[in-house]
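Asks: Got a structure here, written out as structure tokens. Questions coming.
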Amino acid sequence: MGTRYFASKLGAQNYAKYRPSYPDSVFASCINFLKNGATNKAKKFPFAVDVGCGTGHQSTVPLAKYFDSVLGVDISEEQISEAKKSKHPENVSFKVSAGEALLVENETVSLLQVAAAAHWMDLAKFYKEADRVLTPGGVVTLYCYAGPAQALNHPKSAEVNPILHEIFERHVERGFCVPANDMVRRRYTDECFQIPYSDKTRIDNIPHPITNTVEDYVKFCKTLSSFRRMEEAEPDLTKQWIEDATSRLLNALETTDMSRQFTVYLQVHMLLGRKPHQPK
């Protein structure tokens, strides 16, 4: 339930269409941390791997301008199929692979990135694998996004924000979060997420603006795994509620147009760590 949806053809297509890309500030944070410890001051780094890449546009493709080569990996064949069909730069490729057993050579990866997927992984195995594939001085980063969902600086924000939050969080209130979802709600603060290198940092509350239509915001929320579990368990109740919530959101925005655009803000929470240049 929920996560199986991502592995389906329809799930992969909706993921590609409705999941937003991350803001440039997220990738800039990765690159700045990588540059600060680099001995090579070349304009581009050799190789990055994006684990749990999904359909690619959210977190893989934005790395292309910083690296000679970028590889996106995901355990879902359908997600990778969609990624390969999408328009992407020539230096970006995709492959079916688990993050805990990457099909790359030892000490070849400058940046190992996991965007909103680490909570589904065996992190002890992943960090062992990260240490194998990272170059000395290479960086591993894990990040996720979380609520509250808000339309900041919107003239109707007082009316709009509670409904945005309700749509984004209804599955939590209905009890459809699994432990992995709760880890996201705790912003990756659990001990298992903490990067096992001494040179590390954490960045919280990076603004994640998402400009979309009313229809696309609702469909984005429907791609969340716990929303999918709620929809599967309570189809009639969920359908009735989402129609009502969407109607209330349109009224708050003073429109009847599902294509009306507005900007929702989430927050990104990021962990970064650097493999030592010298063995321990």
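Please note that chains go A, B, ... in the order of the structure tokens, that every chain numbers its residues from 1, and that ligands are numbered from 1 in the order shown.
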Give me the residues near range 90-99 of chain A as a VMD selection string, where near means some atom within 8 Å (using only C-alpha atoms) and where sequence neighbours in that chain fewer than 3 positions away do not count.

Replies: chain A and resid 51 to 52 60 to 61 64 68 to 77 80 83 to 84 102 to 103 121 126 129

Asks: Can you list, as a ChimeraX atom specification, all residues belonging to range 25-194 of chain A that DSSP tags as strand (DSSP E)?

Replies: /A:45-51,67-74,92-96,109-115,134-150

Asks: Sorted by chain and rising residue number, which residues of range 131-225 of chain A lie within 12 Å of range 111-118 of chain A, and what are their closest atom pairs and distances in Å to one decimal, counting only C-alpha atoms, as a tab-separated table?

Replies:
```
residue	atom	partner	partner_atom	distance
A:Asp131	CA	A:Leu112	CA	10.0
A:Arg132	CA	A:Leu112	CA	11.1
A:Val133	CA	A:Leu112	CA	8.5
A:Leu134	CA	A:Leu111	CA	7.3
A:Thr135	CA	A:Leu111	CA	8.6
A:Pro136	CA	A:Leu111	CA	10.9
A:Gly137	CA	A:Leu111	CA	9.5
A:Gly138	CA	A:Leu111	CA	5.9
A:Val139	CA	A:Leu111	CA	4.9
A:Val140	CA	A:Leu112	CA	4.7
A:Thr141	CA	A:Gln113	CA	4.9
A:Leu142	CA	A:Val114	CA	4.8
A:Tyr143	CA	A:Ala115	CA	5.2
A:Cys144	CA	A:Ala116	CA	4.4
A:Tyr145	CA	A:Ala116	CA	6.9
A:Ala146	CA	A:Ala116	CA	9.7
A:Ala180	CA	A:Ala118	CA	8.9
A:Asn181	CA	A:Ala116	CA	10.3
A:Met183	CA	A:Ala118	CA	9.5
A:Val184	CA	A:Ala116	CA	8.2
A:Arg185	CA	A:Ala116	CA	11.6
A:Arg187	CA	A:Ala116	CA	10.4
A:Tyr188	CA	A:Ala118	CA	8.8
A:Asp190	CA	A:Ala118	CA	11.7
A:Cys192	CA	A:Ala118	CA	10.2
A:Phe193	CA	A:Ala118	CA	8.1
A:Gln194	CA	A:Ala118	CA	11.4
A:Ile195	CA	A:Ala118	CA	11.9
A:Leu224	CA	A:Ala116	CA	11.0
A:Ser225	CA	A:Ala117	CA	11.4
```

Asks: Point out the residue among A:Phe220, A:Pro148, A:Pro209, A:Glu215 with the least atom-to-atom distance to Glu243 in chain A, counting only C-alpha atoms.

Replies: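 Nearest to Glu243 in chain A: A:Glu215.
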
Asks: If I take CA of Pro276 in chain A and CA of Ser198 in chain A, how far is one from the other in Å, to one decimal?

Replies: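 Those two atoms sit 8.2 Å apart.
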
Asks: If you count only C-alpha atoms, which residues fall within 12 Å of Cys177 in chain A, apart from same-chain ones fewer than 5 positions away, as a list in words?

Replies: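 In the requested format, the answer is Met1, Gly2, Thr3, Glu169, Arg170, His171, Val172, Asp182, Met183, Val184, Arg185, Leu224, Ser225, Ser226, Phe227, Arg228, Arg229 and Met230 of chain A.
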
Asks: Out of range 25-217 of chain A, which residues get helix (DSSP H, G or I) from DSSP, as a compact mmCIF listing (two decimals) with N, CA and C atoms, in the first residue's frame?

Replies:
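Okay, this is what ended up in part-v7.txt:
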```txt
# COMPACT_ATOMS: atom_id res chain seq x y z
N SER A 25 18.59 26.71 -4.04
CA SER A 25 19.35 26.89 -2.79
C SER A 25 19.74 25.55 -2.17
N VAL A 26 18.97 24.51 -2.40
CA VAL A 26 19.31 23.18 -1.88
C VAL A 26 20.58 22.67 -2.56
N PHE A 27 20.63 22.76 -3.88
CA PHE A 27 21.79 22.27 -4.62
C PHE A 27 23.01 23.16 -4.37
N ALA A 28 22.78 24.46 -4.21
CA ALA A 28 23.88 25.37 -3.89
C ALA A 28 24.50 25.02 -2.55
N SER A 29 23.67 24.62 -1.57
CA SER A 29 24.17 24.21 -0.26
C SER A 29 25.05 22.98 -0.39
N CYS A 30 24.63 22.02 -1.22
CA CYS A 30 25.44 20.82 -1.45
C CYS A 30 26.79 21.18 -2.07
N ILE A 31 26.75 22.01 -3.10
CA ILE A 31 27.98 22.33 -3.83
C ILE A 31 28.91 23.18 -2.97
N ASN A 32 28.38 24.11 -2.22
CA ASN A 32 29.23 24.94 -1.36
C ASN A 32 29.93 24.09 -0.31
N PHE A 33 29.21 23.14 0.27
CA PHE A 33 29.83 22.26 1.27
C PHE A 33 30.90 21.40 0.61
N LEU A 34 30.62 20.92 -0.58
CA LEU A 34 31.60 20.11 -1.32
C LEU A 34 32.84 20.94 -1.67
N LYS A 35 32.65 22.16 -2.13
CA LYS A 35 33.77 23.02 -2.52
C LYS A 35 34.64 23.39 -1.32
N ASN A 36 34.00 23.59 -0.19
CA ASN A 36 34.75 24.02 0.99
C ASN A 36 35.79 23.00 1.43
N VAL A 61 18.47 15.94 -12.35
CA VAL A 61 18.81 16.86 -13.45
C VAL A 61 19.42 18.17 -12.95
N PRO A 62 18.95 18.76 -11.84
CA PRO A 62 19.57 20.01 -11.38
C PRO A 62 21.05 19.90 -11.04
N LEU A 63 21.57 18.68 -10.85
CA LEU A 63 22.99 18.52 -10.55
C LEU A 63 23.86 18.58 -11.80
N ALA A 64 23.25 18.51 -12.98
CA ALA A 64 24.01 18.34 -14.22
C ALA A 64 25.03 19.46 -14.45
N LYS A 65 24.68 20.68 -14.09
CA LYS A 65 25.58 21.80 -14.37
C LYS A 65 26.80 21.83 -13.45
N TYR A 66 26.78 21.04 -12.39
CA TYR A 66 27.88 21.05 -11.43
C TYR A 66 28.85 19.88 -11.61
N GLU A 77 11.56 0.15 -11.39
CA GLU A 77 11.79 0.12 -12.83
C GLU A 77 10.91 1.13 -13.56
N GLU A 78 9.67 1.33 -13.08
CA GLU A 78 8.77 2.28 -13.73
C GLU A 78 9.26 3.72 -13.56
N GLN A 79 9.77 4.04 -12.38
CA GLN A 79 10.32 5.39 -12.17
C GLN A 79 11.50 5.63 -13.10
N ILE A 80 12.39 4.65 -13.20
CA ILE A 80 13.56 4.80 -14.06
C ILE A 80 13.15 4.86 -15.53
N SER A 81 12.12 4.10 -15.90
CA SER A 81 11.61 4.15 -17.27
C SER A 81 11.12 5.55 -17.61
N GLU A 82 10.37 6.17 -16.69
CA GLU A 82 9.90 7.54 -16.90
C GLU A 82 11.07 8.51 -16.97
N ALA A 83 12.07 8.30 -16.11
CA ALA A 83 13.24 9.18 -16.10
C ALA A 83 13.98 9.12 -17.43
N LYS A 84 14.15 7.93 -17.95
CA LYS A 84 14.88 7.77 -19.22
C LYS A 84 14.13 8.40 -20.38
N LYS A 85 12.78 8.39 -20.31
CA LYS A 85 11.97 8.97 -21.39
C LYS A 85 11.93 10.48 -21.33
N ALA A 118 15.56 8.73 1.99
CA ALA A 118 16.40 8.04 2.99
C ALA A 118 15.56 7.33 4.05
N HIS A 119 14.37 7.83 4.32
CA HIS A 119 13.52 7.21 5.35
C HIS A 119 12.99 5.84 4.94
N TRP A 120 13.16 5.47 3.67
CA TRP A 120 12.76 4.13 3.20
C TRP A 120 13.94 3.16 3.18
N LEU A 123 19.67 2.51 6.66
CA LEU A 123 20.69 3.56 6.69
C LEU A 123 22.06 3.05 7.14
N ALA A 124 22.09 2.04 7.99
CA ALA A 124 23.38 1.47 8.38
C ALA A 124 24.09 0.90 7.15
N LYS A 125 23.36 0.16 6.33
CA LYS A 125 23.95 -0.38 5.09
C LYS A 125 24.28 0.73 4.11
N PHE A 126 23.40 1.73 4.04
CA PHE A 126 23.66 2.83 3.10
C PHE A 126 24.92 3.59 3.46
N TYR A 127 25.12 3.90 4.73
CA TYR A 127 26.31 4.67 5.12
C TYR A 127 27.59 3.87 4.89
N LYS A 128 27.51 2.56 5.04
CA LYS A 128 28.67 1.71 4.72
C LYS A 128 28.97 1.76 3.23
N GLU A 129 27.90 1.72 2.42
CA GLU A 129 28.06 1.82 0.98
C GLU A 129 28.56 3.20 0.57
N ALA A 130 28.07 4.24 1.24
CA ALA A 130 28.53 5.60 0.95
C ALA A 130 30.03 5.71 1.18
N ASP A 131 30.52 5.13 2.26
CA ASP A 131 31.95 5.20 2.55
C ASP A 131 32.76 4.47 1.49
N ARG A 132 32.17 3.43 0.91
CA ARG A 132 32.88 2.71 -0.16
C ARG A 132 32.99 3.53 -1.43
N VAL A 133 31.90 4.20 -1.83
CA VAL A 133 31.88 4.83 -3.15
C VAL A 133 32.39 6.27 -3.15
N SER A 157 -4.00 34.67 2.96
CA SER A 157 -3.27 33.59 3.64
C SER A 157 -3.97 33.10 4.90
N ALA A 158 -4.64 33.99 5.63
CA ALA A 158 -5.33 33.58 6.86
C ALA A 158 -6.43 32.56 6.56
N GLU A 159 -7.08 32.69 5.42
CA GLU A 159 -8.13 31.75 5.04
C GLU A 159 -7.56 30.54 4.31
N VAL A 160 -6.53 30.76 3.51
CA VAL A 160 -5.99 29.71 2.64
C VAL A 160 -5.12 28.72 3.40
N ASN A 161 -4.26 29.20 4.28
CA ASN A 161 -3.26 28.33 4.90
C ASN A 161 -3.83 27.15 5.70
N PRO A 162 -4.88 27.34 6.50
CA PRO A 162 -5.42 26.17 7.20
C PRO A 162 -5.90 25.07 6.26
N ILE A 163 -6.41 25.45 5.11
CA ILE A 163 -6.90 24.45 4.16
C ILE A 163 -5.73 23.77 3.46
N LEU A 164 -4.72 24.54 3.09
CA LEU A 164 -3.51 23.94 2.51
C LEU A 164 -2.91 22.92 3.47
N HIS A 165 -2.84 23.30 4.73
CA HIS A 165 -2.27 22.40 5.74
C HIS A 165 -3.15 21.16 5.92
N GLU A 166 -4.45 21.35 5.91
CA GLU A 166 -5.37 20.22 6.05
C GLU A 166 -5.18 19.21 4.93
N ILE A 167 -5.05 19.69 3.69
CA ILE A 167 -4.87 18.80 2.55
C ILE A 167 -3.52 18.09 2.63
N PHE A 168 -2.51 18.80 3.07
CA PHE A 168 -1.15 18.24 3.17
C PHE A 168 -1.02 17.25 4.31
N GLU A 169 -1.84 17.43 5.39
CA GLU A 169 -1.64 16.64 6.61
C GLU A 169 -2.82 15.74 6.98
N ARG A 170 -3.88 15.71 6.21
CA ARG A 170 -5.07 14.94 6.57
C ARG A 170 -4.75 13.47 6.88
N HIS A 171 -3.86 12.88 6.09
CA HIS A 171 -3.50 11.47 6.26
C HIS A 171 -2.83 11.23 7.60
N VAL A 172 -2.17 12.26 8.15
CA VAL A 172 -1.55 12.13 9.47
C VAL A 172 -2.64 12.04 10.54
N GLU A 173 -3.58 12.97 10.46
CA GLU A 173 -4.66 13.00 11.43
C GLU A 173 -5.51 11.73 11.38
N PRO A 179 6.11 4.31 10.24
CA PRO A 179 7.30 4.86 10.90
C PRO A 179 8.19 5.70 9.98
N ALA A 180 8.32 5.31 8.72
CA ALA A 180 9.16 6.10 7.80
C ALA A 180 8.60 7.51 7.61
N ASN A 181 7.27 7.63 7.51
CA ASN A 181 6.66 8.96 7.38
C ASN A 181 6.90 9.80 8.63
N ASP A 182 6.85 9.16 9.79
CA ASP A 182 7.10 9.89 11.04
C ASP A 182 8.53 10.41 11.11
N MET A 183 9.47 9.68 10.51
CA MET A 183 10.86 10.15 10.47
C MET A 183 10.97 11.47 9.70
N VAL A 184 10.19 11.57 8.63
CA VAL A 184 10.16 12.83 7.87
C VAL A 184 9.56 13.93 8.72
N ARG A 185 8.48 13.63 9.42
CA ARG A 185 7.84 14.62 10.26
C ARG A 185 8.78 15.11 11.38
N GLU A 191 18.42 9.24 15.37
CA GLU A 191 19.84 8.89 15.45
C GLU A 191 20.31 8.15 14.19
N CYS A 192 19.45 7.32 13.62
CA CYS A 192 19.86 6.52 12.47
C CYS A 192 20.24 7.36 11.25
N PHE A 193 19.77 8.61 11.19
CA PHE A 193 20.08 9.48 10.06
C PHE A 193 21.42 10.18 10.19
N VAL A 214 -4.33 25.09 -8.33
CA VAL A 214 -5.10 24.41 -7.30
C VAL A 214 -5.16 22.91 -7.61
N GLU A 215 -5.44 22.58 -8.85
CA GLU A 215 -5.54 21.17 -9.24
C GLU A 215 -4.22 20.44 -9.01
N ASP A 216 -3.12 21.08 -9.39
CA ASP A 216 -1.82 20.42 -9.26
C ASP A 216 -1.38 20.29 -7.80
N TYR A 217 -1.74 21.25 -6.96
CA TYR A 217 -1.41 21.12 -5.54
C TYR A 217 -2.12 19.91 -4.93
```

Asks: How many Å lie between CA of Pro89 in chain A and CA of Phe262 in chain A, rounded to one decimal?

Replies: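 Separation between CA of Pro89 in chain A and CA of Phe262 in chain A: 29.1 Å.
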
Asks: Determine, counting only C-alpha atoms, which protein, DNA and RNA residues have an atom within 6 Å of an atom of Phe67 in chain A; residues of the same chain fewer than 3 positions away are not included. Present the result as a list in words.

Replies: Lys44, Phe45, Pro46, Phe47 and Ala64 of chain A

Asks: Pick out the residues sitting within 10 Å of Asp257 in chain A, and hand them over as number ranges by chain; count only C-alpha atoms, and ignore anything fewer than 4 positions along from it in its own chain.

Replies: A: 213-215, 250-251, 253, 261

Asks: Mind dumping the selected residues with all heavy atoms as a PDB file, in the first residue's frame?

Replies:
```pdb
ATOM      1  N   THR A 213      -0.985  25.149  -9.714  1.00  0.00           N
ATOM      2  CA  THR A 213      -2.413  25.439  -9.741  1.00  0.00           C
ATOM      3  C   THR A 213      -3.089  24.736  -8.569  1.00  0.00           C
ATOM      4  O   THR A 213      -2.497  23.869  -7.916  1.00  0.00           O
ATOM      5  CB  THR A 213      -3.041  24.951 -11.051  1.00  0.00           C
ATOM      6  OG1 THR A 213      -2.957  23.519 -11.092  1.00  0.00           O
ATOM      7  CG2 THR A 213      -2.318  25.534 -12.263  1.00  0.00           C
ATOM      8  N   VAL A 214      -4.330  25.091  -8.333  1.00  0.00           N
ATOM      9  CA  VAL A 214      -5.104  24.407  -7.300  1.00  0.00           C
ATOM     10  C   VAL A 214      -5.161  22.909  -7.607  1.00  0.00           C
ATOM     11  O   VAL A 214      -4.934  22.063  -6.732  1.00  0.00           O
ATOM     12  CB  VAL A 214      -6.525  24.986  -7.210  1.00  0.00           C
ATOM     13  CG1 VAL A 214      -7.394  24.162  -6.264  1.00  0.00           C
ATOM     14  CG2 VAL A 214      -6.473  26.447  -6.763  1.00  0.00           C
ATOM     15  N   GLU A 215      -5.445  22.582  -8.851  1.00  0.00           N
ATOM     16  CA  GLU A 215      -5.536  21.167  -9.242  1.00  0.00           C
ATOM     17  C   GLU A 215      -4.215  20.444  -9.006  1.00  0.00           C
ATOM     18  O   GLU A 215      -4.179  19.332  -8.455  1.00  0.00           O
ATOM     19  CB  GLU A 215      -5.925  21.062 -10.713  1.00  0.00           C
ATOM     20  CG  GLU A 215      -6.052  19.631 -11.205  1.00  0.00           C
ATOM     21  CD  GLU A 215      -6.487  19.543 -12.658  1.00  0.00           C
ATOM     22  OE1 GLU A 215      -6.471  20.579 -13.353  1.00  0.00           O
ATOM     23  OE2 GLU A 215      -6.847  18.427 -13.092  1.00  0.00           O
ATOM     24  N   LEU A 250     -10.819  26.743  -3.098  1.00  0.00           N
ATOM     25  CA  LEU A 250     -11.208  27.654  -4.179  1.00  0.00           C
ATOM     26  C   LEU A 250     -11.956  28.864  -3.626  1.00  0.00           C
ATOM     27  O   LEU A 250     -11.707  30.006  -4.048  1.00  0.00           O
ATOM     28  CB  LEU A 250     -12.078  26.908  -5.195  1.00  0.00           C
ATOM     29  CG  LEU A 250     -11.370  25.883  -6.079  1.00  0.00           C
ATOM     30  CD1 LEU A 250     -12.396  25.010  -6.806  1.00  0.00           C
ATOM     31  CD2 LEU A 250     -10.457  26.580  -7.093  1.00  0.00           C
ATOM     32  N   ASN A 251     -12.845  28.641  -2.691  1.00  0.00           N
ATOM     33  CA  ASN A 251     -13.583  29.760  -2.090  1.00  0.00           C
ATOM     34  C   ASN A 251     -12.643  30.707  -1.353  1.00  0.00           C
ATOM     35  O   ASN A 251     -12.803  31.934  -1.437  1.00  0.00           O
ATOM     36  CB  ASN A 251     -14.642  29.222  -1.121  1.00  0.00           C
ATOM     37  CG  ASN A 251     -15.813  28.577  -1.823  1.00  0.00           C
ATOM     38  OD1 ASN A 251     -16.070  28.846  -2.995  1.00  0.00           O
ATOM     39  ND2 ASN A 251     -16.523  27.705  -1.122  1.00  0.00           N
ATOM     40  N   LEU A 253      -9.580  31.252  -2.038  1.00  0.00           N
ATOM     41  CA  LEU A 253      -8.808  31.971  -3.060  1.00  0.00           C
ATOM     42  C   LEU A 253      -9.696  32.891  -3.903  1.00  0.00           C
ATOM     43  O   LEU A 253      -9.194  33.582  -4.794  1.00  0.00           O
ATOM     44  CB  LEU A 253      -8.096  30.975  -3.978  1.00  0.00           C
ATOM     45  CG  LEU A 253      -6.939  30.192  -3.357  1.00  0.00           C
ATOM     46  CD1 LEU A 253      -6.528  29.031  -4.255  1.00  0.00           C
ATOM     47  CD2 LEU A 253      -5.738  31.109  -3.101  1.00  0.00           C
ATOM     48  N   GLN A 261      -3.247  29.868 -10.303  1.00  0.00           N
ATOM     49  CA  GLN A 261      -1.911  29.634  -9.762  1.00  0.00           C
ATOM     50  C   GLN A 261      -1.693  30.368  -8.444  1.00  0.00           C
ATOM     51  O   GLN A 261      -2.211  31.461  -8.234  1.00  0.00           O
ATOM     52  CB  GLN A 261      -0.840  30.069 -10.755  1.00  0.00           C
ATOM     53  CG  GLN A 261      -0.654  29.133 -11.932  1.00  0.00           C
ATOM     54  CD  GLN A 261       0.648  29.383 -12.659  1.00  0.00           C
ATOM     55  OE1 GLN A 261       1.128  30.500 -12.728  1.00  0.00           O
ATOM     56  NE2 GLN A 261       1.223  28.335 -13.228  1.00  0.00           N
TER      57      GLN A 261
END
```

Asks: CA of Tyr18 in chain A and CA of Asp204 in chain A, how far apart in Å?

Replies: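 Taking CA of Asp204 in chain A and CA of Tyr18 in chain A, their separation equals 24.1 Å.
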
Asks: Neighbours of Ala16 in chain A within 10 Å (only C-alpha atoms; same-chain residues fewer than 6 positions away dropped), as a list in words?

Replies: Leu10, Gly54, Thr55, Gly56, His57, Gln58, Gln79, Glu82, Ala83 and Ser86 of chain A

Asks: Could you check which of A:Leu272, A:Ile203, A:Leu152, A:Ala38 is closest to Ser110 in chain A, using only C-alpha atoms?

Replies: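 Of A:Leu272, A:Ile203, A:Leu152, A:Ala38, the one nearest Ser110 in chain A, counting only C-alpha atoms, is A:Ala38.
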